Structure formats: C-alpha cells, structure tokens
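Coordinates as given in entry-v4.cif (mmCIF, C-alpha atoms and all ligand atoms):
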```cif
data_protein
loop_
_atom_site.label_atom_id
_atom_site.label_comp_id
_atom_site.auth_asym_id
_atom_site.auth_seq_id
_atom_site.Cartn_x
_atom_site.Cartn_y
_atom_site.Cartn_z
CA MET A 267 0.00 0.00 0.00
CA LEU A 268 1.26 3.48 -0.84
CA ALA A 269 1.95 5.84 2.08
CA THR A 270 0.03 9.11 1.92
CA ALA A 271 2.19 12.18 1.29
CA SER A 272 0.27 14.45 3.67
CA ILE A 273 1.82 15.55 6.94
CA THR A 274 0.19 17.29 9.88
CA PHE A 275 1.26 20.73 11.08
CA VAL A 276 2.55 19.17 14.32
CA GLU A 277 4.80 16.84 12.28
CA PHE A 278 6.01 19.85 10.28
CA VAL A 279 6.88 21.74 13.50
CA LEU A 280 8.67 18.63 14.86
CA ALA A 281 10.78 18.54 11.68
CA ILE A 282 11.62 22.25 12.17
CA HIS A 283 12.52 21.54 15.83
CA ILE A 284 14.92 18.74 14.79
CA LEU A 285 16.31 20.70 11.83
CA ALA A 286 17.13 23.66 14.08
CA VAL A 287 19.02 21.31 16.43
CA VAL A 288 21.03 19.87 13.52
CA ILE A 289 21.80 23.24 11.90
CA GLY A 290 22.27 25.18 15.14
CA PHE A 291 24.42 22.72 17.03
CA GLY A 292 26.27 20.87 14.24
CA GLY A 293 29.04 23.46 14.45
CA VAL A 294 29.57 22.73 18.15
CA PHE A 295 30.75 19.25 17.11
CA ALA A 296 32.64 20.26 13.95
CA PHE A 297 34.51 23.29 15.30
CA PRO A 298 36.98 21.42 17.60
CA LEU A 299 38.10 19.25 14.65
CA VAL A 300 38.65 22.24 12.35
CA PHE A 301 40.36 24.18 15.13
CA GLY A 302 42.62 21.27 16.12
CA ALA A 303 43.77 20.73 12.53
CA ALA A 304 44.50 24.47 12.11
CA ALA A 305 46.40 24.67 15.41
CA ARG A 306 48.65 21.79 14.31
CA THR A 307 49.33 22.94 10.76
CA ASP A 308 48.89 26.72 10.50
CA PRO A 309 48.54 28.68 13.78
CA ALA A 310 48.34 31.94 11.80
CA VAL A 311 44.69 31.18 10.97
CA ILE A 312 43.67 30.79 14.64
CA PRO A 313 42.51 34.41 15.16
CA MET A 314 40.31 34.16 12.05
CA LEU A 315 38.86 30.82 13.19
CA LEU A 316 38.04 32.26 16.62
CA ARG A 317 36.19 35.13 14.94
CA VAL A 318 34.32 32.56 12.84
CA ARG A 319 33.37 30.76 16.09
CA GLN A 320 32.05 34.07 17.44
CA GLN A 321 29.98 34.63 14.28
CA LEU A 322 28.63 31.06 14.44
CA GLY A 323 27.39 31.76 17.97
CA ARG A 324 25.75 35.04 17.00
CA TYR A 325 24.17 34.08 13.70
CA LEU A 326 23.65 30.29 13.80
CA ILE A 327 23.76 28.76 17.28
CA ASN A 328 21.72 31.29 19.28
CA PRO A 329 19.11 31.92 16.53
CA GLY A 330 18.92 28.11 16.05
CA LEU A 331 18.30 27.72 19.78
CA LEU A 332 15.48 30.27 19.58
CA VAL A 333 13.80 28.23 16.82
CA VAL A 334 14.31 25.01 18.86
CA VAL A 335 12.62 26.62 21.88
CA LEU A 336 9.69 28.17 19.93
CA ALA A 337 8.98 24.90 18.11
CA GLY A 338 9.47 22.91 21.35
CA VAL A 339 7.02 25.11 23.28
CA TYR A 340 4.44 24.68 20.48
CA LEU A 341 4.89 20.87 20.48
CA ALA A 342 4.73 20.54 24.28
CA SER A 343 1.55 22.66 24.41
CA LYS A 344 -0.21 21.05 21.44
CA GLU A 345 0.61 17.52 22.65
CA HIS A 346 0.01 18.25 26.38
CA GLN A 347 3.53 17.16 27.30
CA TRP A 348 4.44 19.82 29.89
CA GLY A 349 4.25 17.39 32.84
CA ASN A 350 6.88 15.06 31.41
CA PHE A 351 10.53 14.94 32.51
CA TYR A 352 11.98 15.22 28.99
CA VAL A 353 10.21 18.54 28.37
CA GLY A 354 11.35 20.02 31.70
CA TRP A 355 14.87 18.85 30.87
CA GLY A 356 14.58 20.46 27.40
CA VAL A 357 13.71 23.84 28.95
CA LEU A 358 16.63 23.58 31.39
CA ALA A 359 18.99 22.46 28.61
CA ALA A 360 17.93 25.39 26.42
CA LEU A 361 18.60 27.85 29.26
CA VAL A 362 22.05 26.40 29.99
CA LEU A 363 22.98 26.20 26.27
CA GLY A 364 21.90 29.80 25.71
CA ALA A 365 23.82 31.01 28.77
CA LEU A 366 27.00 29.12 27.83
CA GLU A 367 26.92 30.36 24.24
CA GLY A 368 25.65 33.88 24.88
CA SER A 369 27.58 34.90 27.94
CA LEU A 370 30.70 32.75 27.76
CA ILE A 371 31.66 31.36 24.35
CA ILE A 372 30.84 34.35 22.12
CA ARG A 373 32.71 36.77 24.40
CA THR A 374 35.65 34.45 25.09
CA ALA A 375 36.12 33.65 21.38
CA GLY A 376 36.32 37.39 20.58
CA ARG A 377 38.81 38.11 23.37
CA LEU A 378 40.86 35.02 22.44
CA ALA A 379 41.07 36.17 18.81
CA ASP A 380 42.57 39.51 19.97
CA GLN A 381 44.96 37.74 22.35
CA ALA A 382 46.01 35.23 19.64
CA GLU A 383 46.79 38.15 17.30
CA ARG A 384 48.99 39.75 19.97
CA ASP A 385 50.76 36.44 20.75
CA LEU A 386 51.41 35.75 17.06
CA ALA A 387 52.73 39.28 16.51
CA ALA A 388 55.17 38.76 19.39
CA THR A 389 56.63 35.59 17.82
CA ALA A 390 59.09 36.07 14.96
CA VAL A 391 58.66 34.20 11.67
CA PRO A 392 61.59 33.95 9.19
CA SER A 393 60.92 36.36 6.32
CA GLY A 394 59.03 34.60 3.52
CA GLY A 395 58.59 31.55 5.77
CA GLN A 396 55.32 29.96 6.89
CA ARG A 397 54.45 29.84 10.57
CA THR A 398 54.30 26.25 11.83
CA SER A 399 54.27 26.87 15.57
CA ALA A 400 53.35 29.61 18.04
CA THR A 401 54.15 30.52 21.61
CA TRP A 402 50.90 31.23 23.43
CA SER A 403 50.65 33.46 26.48
CA SER A 404 49.23 32.18 29.79
CA GLU A 405 46.15 34.43 29.21
CA TYR A 406 45.52 32.69 25.88
CA THR A 407 46.00 29.19 27.34
CA ALA A 408 43.67 29.85 30.30
CA ALA A 409 40.91 31.36 28.13
CA MET A 410 41.27 28.54 25.57
CA ARG A 411 40.80 26.01 28.38
CA ARG A 412 37.54 27.78 29.37
CA LEU A 413 36.34 27.86 25.73
CA THR A 414 37.10 24.15 25.24
CA PHE A 415 35.38 23.20 28.50
CA ALA A 416 32.25 25.20 27.63
CA GLY A 417 32.17 23.77 24.08
CA ASN A 418 32.47 20.20 25.40
CA ALA A 419 29.77 20.86 28.00
CA MET A 420 27.45 22.13 25.24
CA ALA A 421 28.12 19.06 23.08
CA ALA A 422 27.38 16.73 26.03
CA ILE A 423 24.13 18.57 26.85
CA VAL A 424 22.99 18.38 23.20
CA VAL A 425 23.70 14.60 23.02
CA LEU A 426 21.91 13.94 26.34
CA THR A 427 18.94 16.13 25.39
CA VAL A 428 18.47 14.43 22.00
CA PHE A 429 18.42 11.04 23.80
CA PHE A 430 15.89 12.26 26.40
CA MET A 431 13.70 13.82 23.69
CA ALA A 432 13.87 10.83 21.33
CA THR A 433 12.92 8.39 24.11
CA HIS A 434 10.32 10.80 25.57
CA LEU A 435 11.96 10.11 28.95
CA GLY A 436 9.45 10.23 31.80
CA ALA A 437 6.34 10.15 29.56
C1 LIG A 501 12.04 24.67 25.46
C2 LIG A 501 12.72 23.56 25.22
C3 LIG A 501 12.15 22.34 24.54
C4 LIG A 501 10.88 21.86 24.52
C5 LIG A 501 9.64 22.45 25.20
C6 LIG A 501 10.88 20.65 23.70
C7 LIG A 501 9.77 19.88 23.42
C8 LIG A 501 9.77 18.75 22.62
C9 LIG A 501 8.64 17.87 22.43
C10 LIG A 501 7.26 18.04 23.08
C11 LIG A 501 9.03 16.88 21.59
C12 LIG A 501 8.20 15.67 21.14
C13 LIG A 501 7.45 15.96 19.90
C14 LIG A 501 6.78 14.71 19.34
O1 LIG A 501 7.27 13.60 19.53
O2 LIG A 501 5.75 14.88 18.69
C15 LIG A 501 10.42 17.14 21.23
C16 LIG A 501 11.16 16.37 20.36
C17 LIG A 501 12.50 16.52 20.12
N1 LIG A 501 13.33 17.46 20.70
FE1 LIG A 501 12.76 18.95 21.96
N2 LIG A 501 12.15 20.46 23.24
C18 LIG A 501 12.97 21.44 23.75
C19 LIG A 501 14.32 21.59 23.56
C20 LIG A 501 15.11 20.71 22.84
C21 LIG A 501 16.55 20.80 22.73
C22 LIG A 501 17.40 21.85 23.44
C23 LIG A 501 16.95 19.77 21.91
C24 LIG A 501 18.32 19.37 21.49
C25 LIG A 501 19.42 20.01 21.77
C26 LIG A 501 15.76 19.06 21.48
C27 LIG A 501 15.75 17.97 20.62
C28 LIG A 501 14.61 17.27 20.24
C29 LIG A 501 14.62 16.18 19.30
C30 LIG A 501 15.83 15.64 18.54
C31 LIG A 501 13.29 15.71 19.22
C32 LIG A 501 12.76 14.58 18.34
C33 LIG A 501 12.54 13.34 19.15
C34 LIG A 501 11.59 12.38 18.43
O3 LIG A 501 10.39 12.62 18.49
O4 LIG A 501 12.09 11.43 17.84
N3 LIG A 501 14.65 19.66 22.08
N4 LIG A 501 10.85 18.27 21.87
#
```
Give the structure from this file in structure tokens form.
Amino acid sequence: MLATASITFVEFVLAIHILAVVIGFGGVFAFPLVFGAAARTDPAVIPMLLRVRQQLGRYLINPGLLVVVLAGVYLASKEHQWGNFYVGWGVLAALVLGALEGSLIIRTAGRLADQAERDLAATAVPSGGQRTSATWSSEYTAAMRRLTFAGNAMAAIVVLTVFFMATHLGA
C-alpha cells in the first residue's frame, strides 16, 4: 500500500525543531576538529577561526536555539507534554545552552582572537617563511581552556537532550 504524502502541522513543526538542532548545534561538534587541525598545521589562521566561532554563535547557534525553543514550546503545548521529565529537561537544557553560548563562548572567542593576534605578533617568523608553531601566552592558554570546556559541556548537553527527547523520557 502506498503511504500518503500528507503531513500534519505538528509533524512539520517537529521537523523544524529537529532541523534547528542539527543546523544550530552541528558546528559545536565540527569546530573542535577544524580548530585542532588548524592549530597543528597553520597557527596563523587561529585568530580568524576564533572570529568565525564568534559569528557562528551570534548568527547560527543562538538563533537556532530560539527556533528550537519556539517549536518545542508549540509541540509541548499542542501535545500536552508539559508534565513530562523530557520537556522540563529540554527547557533547562535550552537555558544552559543559551547562557554558555551567549555569555561565555561568544565573548571568550572574541577576546581570544585579539589575544592570539597579539601572541602571534610577538613571535618572529623567518621572512618569507610559513608559521608552523606559536608561543601562546598564559592568558591565551587559560581562556582557551575555558572555551574548550564550555564547548564540550554544550556538546554533552545536546547529546543527552536528544536522547531524552527521542525516548520521551518520563512520559
Ligand atoms: C524549550 C525547550 C524544549 C521543549 C519544550 C521541547 C519539546 C519537545 C517535544 C514536546 C518533543 C516531542 C514531539 C513529538 O514527539 O511529537 C520534542 C522532540 C525533540 N526534541 Fe525537543 N524540546 C525542547 C528543547 C530541545 C533541545 C534543546 C533539543 C536538542 C538540543 C531538542 C531535541 C529534540 C529532538 C531531537 C526531538 C525529536 C525526538 C523524536 O520525536 O524522535 N529539544 N521536543
């Protein structure tokens, strides 16, 4: 028997909810790989990559989170799911993700980009040569540790939340 092609509005909103998670948070998983490869092979691109991370937060991750929340609130209301653990967890996760991105990662990435530029400028490169290593200041190393920790925490929260949502934990 052929499946019907029609979908309900609730199904459409669920697809938007999931799509916003994929688009918004995909970068949180990809960025450490890109950054690690750049740090090993061409440290000169690090300031630019940190500014890209800042832009991702401003124009992809936080707007994506807003769409996740709006669609999630619609789904929870329409399907009378507010009393279930996975929805409460989703609200908490959204708050923590927004706080980590908005008040820690975006700011730290910007400051780190400036610091990386200063550190690179202070390290000599043979004229015409390509930079293959860099000496980072203690300010840079400490802020990078904070950025990495916050990024990993976000990735862990996203993974956990997707599991709780997909299994409708507590329903
Ligand atoms: C205000 C916060 C949120 C609310 C109220 C909420 C609500 C919901 C509801 C009610 C569903 C079930 C829809 C259905 O099965 O018809 C759902 C599904 C889902 N949610 Fe959320 N959500 C929130 C945040 C999040 C976050 C932060 C993530 C991931 C980072 C997420 C990922 C998902 C995924 C992947 C599904 C699909 C699970 C499935 O049905 O297979 N949600 N959400």
Let me have all residues with an atom within 6 Å of ligand LIG 501 (chain A), counting only C-alpha atoms and all ligand atoms, laid out as a PyMOL selection string. chain A and resi 280+284+287+334-335+338-339+341-342+347+353+356-357+359-360+424+427-428+431-432
Save out the residues we just selected, C-alpha atoms, as a CSV table (one decimal), keeping the file's coordinate frame.
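Once everything was written out, this is part-v1.csv:
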```csv
chain,number,residue,atom,x,y,z
A,280,LEU,CA,8.7,18.6,14.9
A,284,ILE,CA,14.9,18.7,14.8
A,287,VAL,CA,19.0,21.3,16.4
A,334,VAL,CA,14.3,25.0,18.9
A,335,VAL,CA,12.6,26.6,21.9
A,338,GLY,CA,9.5,22.9,21.4
A,339,VAL,CA,7.0,25.1,23.3
A,341,LEU,CA,4.9,20.9,20.5
A,342,ALA,CA,4.7,20.5,24.3
A,347,GLN,CA,3.5,17.2,27.3
A,353,VAL,CA,10.2,18.5,28.4
A,356,GLY,CA,14.6,20.5,27.4
A,357,VAL,CA,13.7,23.8,29.0
A,359,ALA,CA,19.0,22.5,28.6
A,360,ALA,CA,17.9,25.4,26.4
A,424,VAL,CA,23.0,18.4,23.2
A,427,THR,CA,18.9,16.1,25.4
A,428,VAL,CA,18.5,14.4,22.0
A,431,MET,CA,13.7,13.8,23.7
A,432,ALA,CA,13.9,10.8,21.3
```
Could you give me, as a Markdown table, a per-residue list for range 279-342 of chain A showing, wherever an atom lies at most 9 Å from an atom of range 414-420 of chain A, the closest pair of atoms and their distance in Å to one decimal, using all atoms listed in the file and sorting by chain then residue number from low to high?
```
| residue | atom | partner | partner_atom | distance |
| --- | --- | --- | --- | --- |
| A:Phe291 | CA | A:Met420 | CA | 8.8 |
| A:Val294 | CA | A:Gly417 | CA | 6.6 |
| A:Phe295 | CA | A:Gly417 | CA | 8.4 |
| A:Pro298 | CA | A:Thr414 | CA | 8.1 |
```
List the neighbours of range 300-308 of chain A out to 12 Å using only C-alpha atoms; skip same-chain residues closer than 3 positions along the sequence, and give me the result as a PyMOL selection string. chain A and resi 293-297+311-319+382+386+395-402+410+413-414
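Interatomic distance, CA of Leu378 in chain A against CA of Asn328 in chain A: 19.8 Å.
Comparing the minimum interatomic distances between Ala387 in chain A and each of A:Ser403, A:Glu367, A:Arg373, A:Val362, counting all atoms listed in the file, we find that A:Ser403 sits nearest.
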What does the distance from CA of Leu366 in chain A to CA of Phe351 in chain A come to in Å, to one decimal? 22.2 Å
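With all atoms listed in the file as the atoms that count, the residue of A:Gln381, A:Thr433, A:Ala421, A:His283 with the shortest distance to Ala408 in chain A is A:Gln381.
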